[in-house]
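Student: For reference, the structure I am asking about is given below.
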Amino acid sequence: MLKSSALSQIPIEELRLEIRSRQRRLPALQRRRDRIATKLARIDHEIALLSGDTARSERRRGGAQKGTLAAYLQRALSGKTMSVGEAAEAVKALGYKSNASNFRLMVNAALLRKGGPFKRIGRGRYTAK
């Protein structure tokens, strides 16, 4: 005889409503996470400036200079659409070096930078402008 779980006692329509409710909250949470990631990247930049690690701070600043994360992302995303994780891997494959403990976060912040050379195509998908 099969044991019934508490979940099996909940009507299917109630479960569907809960799933829809969670799906509606997801984009707002992702936007919030992205804003926090951007703030963290700015704080990392300030730390690099204050610690005197100018090479590190230049990389964090981004921009269109050769050797910056943004330049590598521009090359990786040119004519392609990728997720943040895919973009991070592509940049590393192109030879970008980073000792960041959370490189994906740095890539995410660079992709979200306002007025930057990247365009959000869809949920978590980016391309070069």
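Ligands are numbered from 1 in the order shown, chains are lettered A, B, ... in the order of the structure tokens, and residues start at 1 in each chain.
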Using only C-alpha atoms, I'd like a table of the residues in range 15-44 of chain A that come within 8 Å of range 99-114 of chain A; for each, show the closest atom pair and its distance in Å rounded to one decimal, ordered by chain and ascending number, as CSV.
Tutor:
```
residue,atom,partner,partner_atom,distance
A:Asp34,CA,A:Ala109,CA,7.2
A:Ala37,CA,A:Ala109,CA,6.0
A:Thr38,CA,A:Ala109,CA,4.8
A:Ala41,CA,A:Ala109,CA,6.5
```
Student: Taking a cut-off of 9 Å and counting only C-alpha atoms, can you build a table that, for each residue of range 87-119 of chain A near range 73-79 of chain A, reports the nearest atom pair and how far apart they are in Å (one decimal), sorted by chain then residue number, as a tab-separated table?
Tutor:
```
residue	atom	partner	partner_atom	distance
A:Ala87	CA	A:Ala76	CA	6.8
A:Ala88	CA	A:Leu73	CA	8.1
A:Ala90	CA	A:Ala76	CA	6.0
A:Val91	CA	A:Leu73	CA	6.0
A:Leu94	CA	A:Ala76	CA	7.7
A:Val107	CA	A:Leu73	CA	8.1
A:Ala110	CA	A:Leu73	CA	8.5
A:Leu111	CA	A:Leu73	CA	8.2
A:Pro117	CA	A:Gln74	CA	7.2
A:Phe118	CA	A:Gln74	CA	7.6
```
Student: Write out the residues from the selection above, keeping C-alpha atoms, as a short mmCIF file (atom, residue, chain, number, x, y, z; two decimals), in the first residue's frame.
Tutor:
```
data_model
loop_
_atom_site.label_atom_id
_atom_site.label_comp_id
_atom_site.auth_asym_id
_atom_site.auth_seq_id
_atom_site.Cartn_x
_atom_site.Cartn_y
_atom_site.Cartn_z
CA ALA A 87 29.27 34.48 -21.90
CA ALA A 88 31.60 33.95 -18.92
CA ALA A 90 33.28 32.27 -23.88
CA VAL A 91 35.29 35.17 -22.45
CA LEU A 94 39.07 33.93 -25.60
CA VAL A 107 30.16 39.27 -16.28
CA ALA A 110 29.17 44.20 -17.17
CA LEU A 111 26.24 43.00 -19.26
CA PRO A 117 27.51 47.88 -25.54
CA PHE A 118 25.20 44.98 -24.66
#
```
Student: My list of candidates is A:Lys129, A:Arg31, A:Arg123, A:Lys39. Which is closest to Ser83 in chain A when distances are computed with only C-alpha atoms?
Tutor: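 Closest to Ser83 in chain A, using only C-alpha atoms: A:Arg123.
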Student: Name the residues of chain A that fall into helix (DSSP H, G or I) according to DSSP on the backbone, using the chain letters and numbers of this document, as an mmCIF file with C-alpha atoms, in the first residue's frame.
Tutor:
```
data_model
loop_
_atom_site.group_PDB
_atom_site.id
_atom_site.type_symbol
_atom_site.label_atom_id
_atom_site.label_comp_id
_atom_site.auth_asym_id
_atom_site.auth_seq_id
_atom_site.Cartn_x
_atom_site.Cartn_y
_atom_site.Cartn_z
ATOM 1 C CA LEU A 7 1.258 17.177 -1.058
ATOM 2 C CA SER A 8 -1.099 14.592 -2.519
ATOM 3 C CA GLN A 9 -3.874 16.036 -0.366
ATOM 4 C CA ILE A 12 -4.314 20.301 -8.357
ATOM 5 C CA GLU A 13 -5.846 23.713 -9.040
ATOM 6 C CA GLU A 14 -4.361 25.032 -5.802
ATOM 7 C CA LEU A 15 -0.945 23.719 -6.849
ATOM 8 C CA ARG A 16 -1.294 25.398 -10.259
ATOM 9 C CA LEU A 17 -2.177 28.706 -8.597
ATOM 10 C CA GLU A 18 0.883 28.447 -6.354
ATOM 11 C CA ILE A 19 3.147 27.707 -9.334
ATOM 12 C CA ARG A 20 1.752 30.701 -11.256
ATOM 13 C CA SER A 21 2.217 32.912 -8.212
ATOM 14 C CA ARG A 22 5.865 31.883 -7.872
ATOM 15 C CA GLN A 23 6.499 32.340 -11.593
ATOM 16 C CA ARG A 24 5.105 35.883 -11.415
ATOM 17 C CA ARG A 25 7.463 36.752 -8.529
ATOM 18 C CA LEU A 26 10.546 35.350 -10.288
ATOM 19 C CA PRO A 27 11.301 38.265 -12.694
ATOM 20 C CA ALA A 28 11.184 40.794 -9.852
ATOM 21 C CA LEU A 29 13.612 38.693 -7.818
ATOM 22 C CA GLN A 30 15.942 38.367 -10.804
ATOM 23 C CA ARG A 31 15.887 42.141 -11.363
ATOM 24 C CA ARG A 32 16.610 42.673 -7.665
ATOM 25 C CA ARG A 33 19.526 40.213 -7.833
ATOM 26 C CA ASP A 34 20.893 41.998 -10.906
ATOM 27 C CA ARG A 35 20.711 45.408 -9.182
ATOM 28 C CA ILE A 36 22.561 43.994 -6.170
ATOM 29 C CA ALA A 37 25.188 42.413 -8.455
ATOM 30 C CA THR A 38 25.772 45.781 -10.101
ATOM 31 C CA LYS A 39 26.154 47.469 -6.705
ATOM 32 C CA LEU A 40 28.594 44.769 -5.621
ATOM 33 C CA ALA A 41 30.675 45.304 -8.761
ATOM 34 C CA ARG A 42 30.846 49.035 -7.954
ATOM 35 C CA ILE A 43 31.956 48.282 -4.401
ATOM 36 C CA ASP A 44 34.609 45.876 -5.725
ATOM 37 C CA HIS A 45 35.826 48.675 -8.010
ATOM 38 C CA GLU A 46 36.090 51.081 -5.062
ATOM 39 C CA ILE A 47 37.980 48.478 -3.032
ATOM 40 C CA ALA A 48 40.408 47.964 -5.905
ATOM 41 C CA LEU A 49 40.950 51.724 -6.192
ATOM 42 C CA LEU A 50 41.516 52.158 -2.457
ATOM 43 C CA SER A 51 43.849 49.182 -2.245
ATOM 44 C CA THR A 54 44.973 49.806 -10.468
ATOM 45 C CA ALA A 55 45.167 46.966 -12.999
ATOM 46 C CA ARG A 56 42.319 45.240 -11.217
ATOM 47 C CA SER A 57 40.285 48.434 -10.992
ATOM 48 C CA GLU A 58 40.758 49.132 -14.719
ATOM 49 C CA ARG A 59 39.440 45.655 -15.563
ATOM 50 C CA ARG A 60 36.458 46.164 -13.271
ATOM 51 C CA ARG A 61 35.688 49.558 -14.785
ATOM 52 C CA LEU A 69 36.125 42.485 -19.710
ATOM 53 C CA ALA A 70 33.701 44.543 -21.793
ATOM 54 C CA ALA A 71 35.974 44.259 -24.852
ATOM 55 C CA TYR A 72 36.193 40.487 -24.472
ATOM 56 C CA LEU A 73 32.422 40.273 -23.969
ATOM 57 C CA GLN A 74 31.919 42.392 -27.083
ATOM 58 C CA ARG A 75 33.967 39.907 -29.115
ATOM 59 C CA ALA A 76 32.283 36.869 -27.558
ATOM 60 C CA LEU A 77 28.735 38.179 -28.060
ATOM 61 C CA VAL A 84 25.560 34.996 -18.474
ATOM 62 C CA GLY A 85 27.200 31.634 -17.789
ATOM 63 C CA GLU A 86 27.821 30.986 -21.481
ATOM 64 C CA ALA A 87 29.269 34.477 -21.901
ATOM 65 C CA ALA A 88 31.598 33.950 -18.924
ATOM 66 C CA GLU A 89 32.876 30.695 -20.421
ATOM 67 C CA ALA A 90 33.277 32.271 -23.878
ATOM 68 C CA VAL A 91 35.291 35.174 -22.447
ATOM 69 C CA LYS A 92 37.604 32.781 -20.621
ATOM 70 C CA ALA A 93 37.973 30.728 -23.813
ATOM 71 C CA PHE A 103 33.591 35.773 -12.218
ATOM 72 C CA ARG A 104 30.013 35.113 -13.369
ATOM 73 C CA LEU A 105 28.873 38.000 -11.162
ATOM 74 C CA MET A 106 31.390 40.323 -12.825
ATOM 75 C CA VAL A 107 30.158 39.271 -16.275
ATOM 76 C CA ASN A 108 26.566 39.811 -15.198
ATOM 77 C CA ALA A 109 27.344 43.315 -13.929
ATOM 78 C CA ALA A 110 29.169 44.197 -17.168
ATOM 79 C CA LEU A 111 26.235 42.999 -19.264
ATOM 80 C CA LEU A 112 23.760 45.037 -17.205
#
```
Student: Between CA of Gly115 in chain A and CA of Gly67 in chain A, what is the distance in Å, rounded to a tenth?
Tutor: 19.5 Å
